[in-house]
Amino acid sequence: MMTTKRHILNAAVIAATAAALASCEHKELCYDHVHNAPVNVVFDWTNAPDASPAGMNLYFYPVEGGEPIRFGLSGRDGGRIDIPDGTYDVVAVNTDSETALFRGTDSFASFEIYTREASVLEGLGLMTTSRGPMAAGTEDETVSLAPDLIYNGKLATVEIPYTREPVTITIPVDEAVSNYTFDIINVDNLKYVSSMSASLSGMSGSYLAGQDVCTPGAHTVPFGAAANGETTISGQFYTFGHCPDADKTASGRKHIFVLYVVQSDGKQVYYTFDVTDQVHGAKDPDNVHILIDGLSLPKPIVNGSGMHPSVDGWENEDVDITM
């Protein structure tokens with residue numbers, strides 16, 4: 001068989017390619033292509049020791065630009081991932097929230113956690129496209145579903161070197177929401193209530209996970225309320241908190257607590273309370289307790305009418321809080 005220059009050239013190219021691959025394989029570092037580095041991810045739950053999420057989603061954002069790289073790890077302890085070496089900003093969010101929605105996830109700075117729009121009457125089990133009766137002065141607010149327990153962690157400018165041995169990164173995790181509780185004490189005629197719920201105005205509608213701040217703007221958040229004994233109404237809910245800077249710039253913006261009550265005779269009344277001072281004056285803005293002392297509910301005209309709550313037909317009563 002005759003050997004041509006083309007055969008010789010092809011053999012030389014194949015040999016050169018094989019040599020280059022062998023060189024890249026045996027050298028400790030090779031910069032001709034992207035390498036995956038082994039990383040052990042550890043979550044630090046010091047700020048939320050009782051947390052037990054089903055898992056955590058991780059978003060790695062290359063500092064030099066490019067699409068984020070996403071991983072999912074089960075449980076709360078972390079785990080092993082493989083990722084191209086480089087410098088990253090990192091966001092971590094629990095996987096088992098039933099209310100959390102996400103937008104702006106194409107960048108670390110714009111990663112936003114929010115909830116869907118709602119009605120203030122959802123705590124009564126009413127699903128409607130109407131926002132429901134709003135407190136005076138809050139009619140312009142968006143009604144947003146109260147978030148459930150959301151956990152968030154973040155790291156900025158994390159260096160992931162190319163090594164054959166795993167490196168460890170530790171991500172501190174905390175609650176991304178604030179815990180609010182309330183008690184309405186010394187309530188008259190509570191036994192005549194068929195159902196009730198509540199809402200709070202002037203709250204933030206979302207949370208920027210990469211920046212660890214709530215967003216400005218005013219949203220009304222609905223939540224449940226229940227009898228706690230014969231003369232007390234209590235409840236608990238989560239919010240994204242409120243933004244003090246936004247409160248200062250919003251002319252006359254207040255936090256109005258609204259209690260929606262359906263009497264046993266079908267009468268629908270909502271009571272409004274200005275709790276601005278309690279929200280702003282809370283010692284711990286992540287754990288706020290609202291206390292309302294004194295509420296006189298009407299006695300029903302008849303003992304039950306079989307009527308069900310509706311969006312229409314609500315009467316309003318403003319109640320001053322005695323501090």
# chains A, B, ... in the order shown; residues from 1 in each chain; ligands from 1
call {"tool": "residues_around", "arguments": {"residues": "A:Phe237", "least_positions_apart": "6", "cutoff": "12 Å", "atoms": "only C-alpha atoms", "output": "list of chain:residue names"}}
result
A:Gly123, A:Leu145, A:Ala146, A:Pro147, A:Asp148, A:Leu149, A:Val177, A:Ser178, A:Asn179, A:Tyr180, A:Thr181, A:Phe182, A:Ser197, A:Ala198, A:Ser199, A:Leu200, A:Val221, A:Pro222, A:Phe223, A:Gly224, A:Ala225, A:Asp286, A:Asn287, A:Val288, A:His289, A:Ile290
call {"tool": "write_last_selection", "arguments": {"atoms": "C-alpha atoms", "output": "tab-separated table (two decimals), in the first residue's frame"}}
result
chain	number	residue	atom	x	y	z
A	123	GLY	CA	-58.98	33.11	55.80
A	145	LEU	CA	-51.02	35.75	50.39
A	146	ALA	CA	-49.13	35.42	53.67
A	147	PRO	CA	-45.93	33.39	53.11
A	148	ASP	CA	-45.31	30.19	54.97
A	149	LEU	CA	-41.98	29.42	56.64
A	177	VAL	CA	-39.91	35.83	56.97
A	178	SER	CA	-40.98	37.54	60.17
A	179	ASN	CA	-43.25	35.89	62.72
A	180	TYR	CA	-46.35	37.84	63.78
A	181	THR	CA	-48.76	36.83	66.54
A	182	PHE	CA	-51.84	38.56	67.90
A	197	SER	CA	-60.31	35.84	59.78
A	198	ALA	CA	-58.03	38.88	59.72
A	199	SER	CA	-55.59	40.96	57.68
A	200	LEU	CA	-52.79	43.48	58.21
A	221	VAL	CA	-51.75	40.23	54.06
A	222	PRO	CA	-54.71	37.98	55.02
A	223	PHE	CA	-54.49	35.23	57.66
A	224	GLY	CA	-56.58	33.10	59.99
A	225	ALA	CA	-58.09	34.01	63.35
A	286	ASP	CA	-38.72	39.54	63.30
A	287	ASN	CA	-41.07	38.58	66.14
A	288	VAL	CA	-43.96	41.01	66.51
A	289	HIS	CA	-46.88	40.59	68.88
A	290	ILE	CA	-50.05	42.64	68.43
call {"tool": "select_by_dssp", "arguments": {"residues": "stretch 23-91 of chain A", "states": "strand (DSSP E)", "output": "VMD selection string"}}
result
chain A and resid 36 to 44 55 to 62 69 to 74 78 to 84 86 to 91
call {"tool": "write_last_selection", "arguments": {"atoms": "N, CA and C atoms", "output": "compact mmCIF listing (two decimals), in the first residue's frame"}}
result
# COMPACT_ATOMS: atom_id res chain seq x y z
N ASN A 36 -14.79 20.63 36.28
CA ASN A 36 -15.69 20.54 37.42
C ASN A 36 -14.90 20.26 38.68
N ALA A 37 -15.19 21.04 39.70
CA ALA A 37 -14.52 20.86 40.98
C ALA A 37 -15.49 20.23 41.98
N PRO A 38 -15.04 19.29 42.79
CA PRO A 38 -15.91 18.70 43.82
C PRO A 38 -16.06 19.65 45.01
N VAL A 39 -17.30 19.83 45.45
CA VAL A 39 -17.58 20.76 46.54
C VAL A 39 -18.52 20.10 47.54
N ASN A 40 -18.17 20.18 48.81
CA ASN A 40 -19.07 19.77 49.89
C ASN A 40 -19.80 21.01 50.40
N VAL A 41 -21.12 21.00 50.28
CA VAL A 41 -21.94 22.11 50.75
C VAL A 41 -22.47 21.79 52.14
N VAL A 42 -22.24 22.70 53.08
CA VAL A 42 -22.72 22.54 54.46
C VAL A 42 -23.61 23.73 54.79
N PHE A 43 -24.79 23.47 55.35
CA PHE A 43 -25.69 24.54 55.77
C PHE A 43 -25.54 24.77 57.28
N ASP A 44 -25.37 26.03 57.65
CA ASP A 44 -25.23 26.42 59.05
C ASP A 44 -26.58 26.92 59.55
N GLY A 55 -35.62 19.88 51.84
CA GLY A 55 -34.44 20.02 51.00
C GLY A 55 -34.14 21.48 50.73
N MET A 56 -33.03 21.74 50.06
CA MET A 56 -32.62 23.10 49.73
C MET A 56 -32.23 23.18 48.25
N ASN A 57 -32.69 24.23 47.59
CA ASN A 57 -32.26 24.53 46.23
C ASN A 57 -31.12 25.53 46.27
N LEU A 58 -30.10 25.30 45.46
CA LEU A 58 -28.93 26.17 45.40
C LEU A 58 -28.83 26.81 44.02
N TYR A 59 -28.54 28.11 44.00
CA TYR A 59 -28.33 28.84 42.76
C TYR A 59 -26.93 29.45 42.82
N PHE A 60 -26.04 29.02 41.93
CA PHE A 60 -24.69 29.55 41.84
C PHE A 60 -24.63 30.53 40.67
N TYR A 61 -24.29 31.78 40.96
CA TYR A 61 -24.21 32.83 39.94
C TYR A 61 -22.75 33.17 39.66
N PRO A 62 -22.25 32.87 38.44
CA PRO A 62 -20.87 33.23 38.12
C PRO A 62 -20.67 34.74 38.20
N ILE A 69 -26.17 28.30 37.84
CA ILE A 69 -26.13 26.84 37.90
C ILE A 69 -26.92 26.41 39.12
N ARG A 70 -27.90 25.51 38.92
CA ARG A 70 -28.82 25.16 40.00
C ARG A 70 -28.61 23.72 40.45
N PHE A 71 -28.69 23.53 41.77
CA PHE A 71 -28.59 22.20 42.36
C PHE A 71 -29.72 22.03 43.38
N GLY A 72 -30.12 20.79 43.61
CA GLY A 72 -31.08 20.47 44.65
C GLY A 72 -30.48 19.45 45.61
N LEU A 73 -30.54 19.74 46.91
CA LEU A 73 -30.02 18.83 47.92
C LEU A 73 -31.14 18.48 48.89
N SER A 74 -31.29 17.22 49.22
CA SER A 74 -32.35 16.80 50.13
C SER A 74 -31.92 17.01 51.59
N GLY A 78 -27.00 19.41 53.74
CA GLY A 78 -26.14 19.72 52.60
C GLY A 78 -25.76 18.47 51.84
N GLY A 79 -24.64 18.53 51.11
CA GLY A 79 -24.22 17.37 50.33
C GLY A 79 -23.15 17.73 49.33
N ARG A 80 -22.86 16.80 48.44
CA ARG A 80 -21.77 16.93 47.48
C ARG A 80 -22.31 17.39 46.13
N ILE A 81 -21.63 18.37 45.52
CA ILE A 81 -21.94 18.81 44.17
C ILE A 81 -20.64 18.89 43.39
N ASP A 82 -20.74 18.96 42.08
CA ASP A 82 -19.61 19.20 41.20
C ASP A 82 -19.93 20.40 40.34
N ILE A 83 -19.05 21.38 40.33
CA ILE A 83 -19.33 22.64 39.66
C ILE A 83 -18.06 23.17 39.02
N PRO A 84 -18.15 23.83 37.87
CA PRO A 84 -16.95 24.41 37.26
C PRO A 84 -16.25 25.37 38.22
N GLY A 86 -14.38 28.57 39.67
CA GLY A 86 -14.64 29.98 39.41
C GLY A 86 -15.09 30.68 40.66
N THR A 87 -15.58 31.89 40.49
CA THR A 87 -16.07 32.70 41.60
C THR A 87 -17.58 32.88 41.45
N TYR A 88 -18.31 32.65 42.55
CA TYR A 88 -19.76 32.64 42.49
C TYR A 88 -20.39 33.43 43.64
N ASP A 89 -21.58 33.97 43.36
CA ASP A 89 -22.51 34.38 44.40
C ASP A 89 -23.55 33.27 44.52
N VAL A 90 -23.97 32.98 45.76
CA VAL A 90 -24.81 31.80 45.98
C VAL A 90 -26.08 32.18 46.75
N VAL A 91 -27.22 31.64 46.31
CA VAL A 91 -28.49 31.76 47.02
C VAL A 91 -29.01 30.36 47.30
call {"tool": "select_by_dssp", "arguments": {"residues": "stretch 112-254 of chain A", "states": "alpha helix (DSSP H)", "output": "PDB file with N, CA and C atoms, in the first residue's frame"}}
result
ATOM      1  N   PRO A 244     -39.129  50.003  56.933  1.00  0.00           N
ATOM      2  CA  PRO A 244     -39.248  51.305  57.609  1.00  0.00           C
ATOM      3  C   PRO A 244     -39.003  52.490  56.691  1.00  0.00           C
ATOM      4  N   ASP A 245     -38.035  52.379  55.779  1.00  0.00           N
ATOM      5  CA  ASP A 245     -37.758  53.493  54.874  1.00  0.00           C
ATOM      6  C   ASP A 245     -38.957  53.783  53.994  1.00  0.00           C
ATOM      7  N   ALA A 246     -39.618  52.711  53.537  1.00  0.00           N
ATOM      8  CA  ALA A 246     -40.807  52.896  52.704  1.00  0.00           C
ATOM      9  C   ALA A 246     -41.945  53.493  53.520  1.00  0.00           C
ATOM     10  N   ASP A 247     -42.042  53.091  54.792  1.00  0.00           N
ATOM     11  CA  ASP A 247     -43.087  53.638  55.648  1.00  0.00           C
ATOM     12  C   ASP A 247     -42.939  55.147  55.809  1.00  0.00           C
ATOM     13  N   LYS A 248     -41.681  55.590  55.906  1.00  0.00           N
ATOM     14  CA  LYS A 248     -41.436  57.019  56.120  1.00  0.00           C
ATOM     15  C   LYS A 248     -41.812  57.839  54.887  1.00  0.00           C
ATOM     16  N   THR A 249     -41.585  57.258  53.699  1.00  0.00           N
ATOM     17  CA  THR A 249     -41.844  58.022  52.480  1.00  0.00           C
ATOM     18  C   THR A 249     -43.297  57.936  52.048  1.00  0.00           C
TER      19      THR A 249
END
call {"tool": "closest_atom_pairs", "arguments": {"of": "stretch 103-220 of chain A", "to": "stretch 264-277 of chain A", "cutoff": "12 Å", "atoms": "only C-alpha atoms", "output": "CSV"}}
result
residue,atom,partner,partner_atom,distance
A:Val120,CA,A:Tyr270,CA,11.0
A:Leu121,CA,A:Tyr270,CA,10.7
A:Leu124,CA,A:Gln268,CA,11.5
A:Gly132,CA,A:Tyr270,CA,10.8
A:Pro133,CA,A:Tyr270,CA,8.2
A:Met134,CA,A:Tyr270,CA,9.3
A:Ala135,CA,A:Thr272,CA,6.7
A:Ala136,CA,A:Thr272,CA,8.8
A:Gly137,CA,A:Asp274,CA,11.2
A:Thr138,CA,A:Thr272,CA,11.3
A:Phe182,CA,A:Val275,CA,10.8
A:Ile184,CA,A:Phe273,CA,10.7
A:Asn189,CA,A:Ser264,CA,11.0
A:Leu190,CA,A:Ser264,CA,10.4
A:Lys191,CA,A:Ser264,CA,9.0
A:Tyr192,CA,A:Ser264,CA,5.6
A:Val193,CA,A:Ser264,CA,5.6
A:Ser194,CA,A:Ser264,CA,4.8
A:Ser195,CA,A:Ser264,CA,8.3
A:Met196,CA,A:Tyr270,CA,9.3
A:Ser197,CA,A:Tyr270,CA,9.4
A:Ala198,CA,A:Tyr270,CA,8.8
A:Ser199,CA,A:Thr272,CA,9.5
A:Leu200,CA,A:Val275,CA,9.0
A:Ser201,CA,A:Thr276,CA,9.5
A:Gly202,CA,A:Thr276,CA,9.0
A:Met203,CA,A:Thr276,CA,11.0
call {"tool": "residues_around", "arguments": {"residues": "A:Ile150", "least_positions_apart": "6", "cutoff": "8 Å", "atoms": "only C-alpha atoms", "output": "list in words"}}
result
Val93, Asn94, Ser97, Ala100, Glu175, Ala176 and Val177 of chain A
call {"tool": "closest_residue", "arguments": {"among": "A:Gly210, A:Gly66, A:Pro285, A:Gly153", "to": "A:Cys243", "atoms": "only C-alpha atoms"}}
result
A:Pro285
call {"tool": "closest_residue", "arguments": {"among": "A:Ser119, A:Gly65, A:Ser206, A:Glu165", "to": "A:Phe102", "atoms": "only C-alpha atoms"}}
result
A:Ser206
call {"tool": "atom_distance", "arguments": {"atom1": "atom CA of A:Arg76", "atom2": "atom CA of A:Tyr114"}}
result
22.3 Å
call {"tool": "atom_distance", "arguments": {"atom1": "atom CA of A:Gly205", "atom2": "atom CA of A:His280"}}
result
17.2 Å
call {"tool": "atom_distance", "arguments": {"atom1": "atom CA of A:Ser110", "atom2": "atom CA of A:Val158"}}
result
18.2 Å
call {"tool": "closest_residue", "arguments": {"among": "A:Ile233, A:Asp96, A:Leu155, A:Pro53", "to": "A:Gly75", "atoms": "only C-alpha atoms"}}
result
A:Pro53
call {"tool": "closest_residue", "arguments": {"among": "A:Arg253, A:Gln263, A:Thr115, A:Lys299", "to": "A:Thr239", "atoms": "only C-alpha atoms"}}
result
A:Thr115
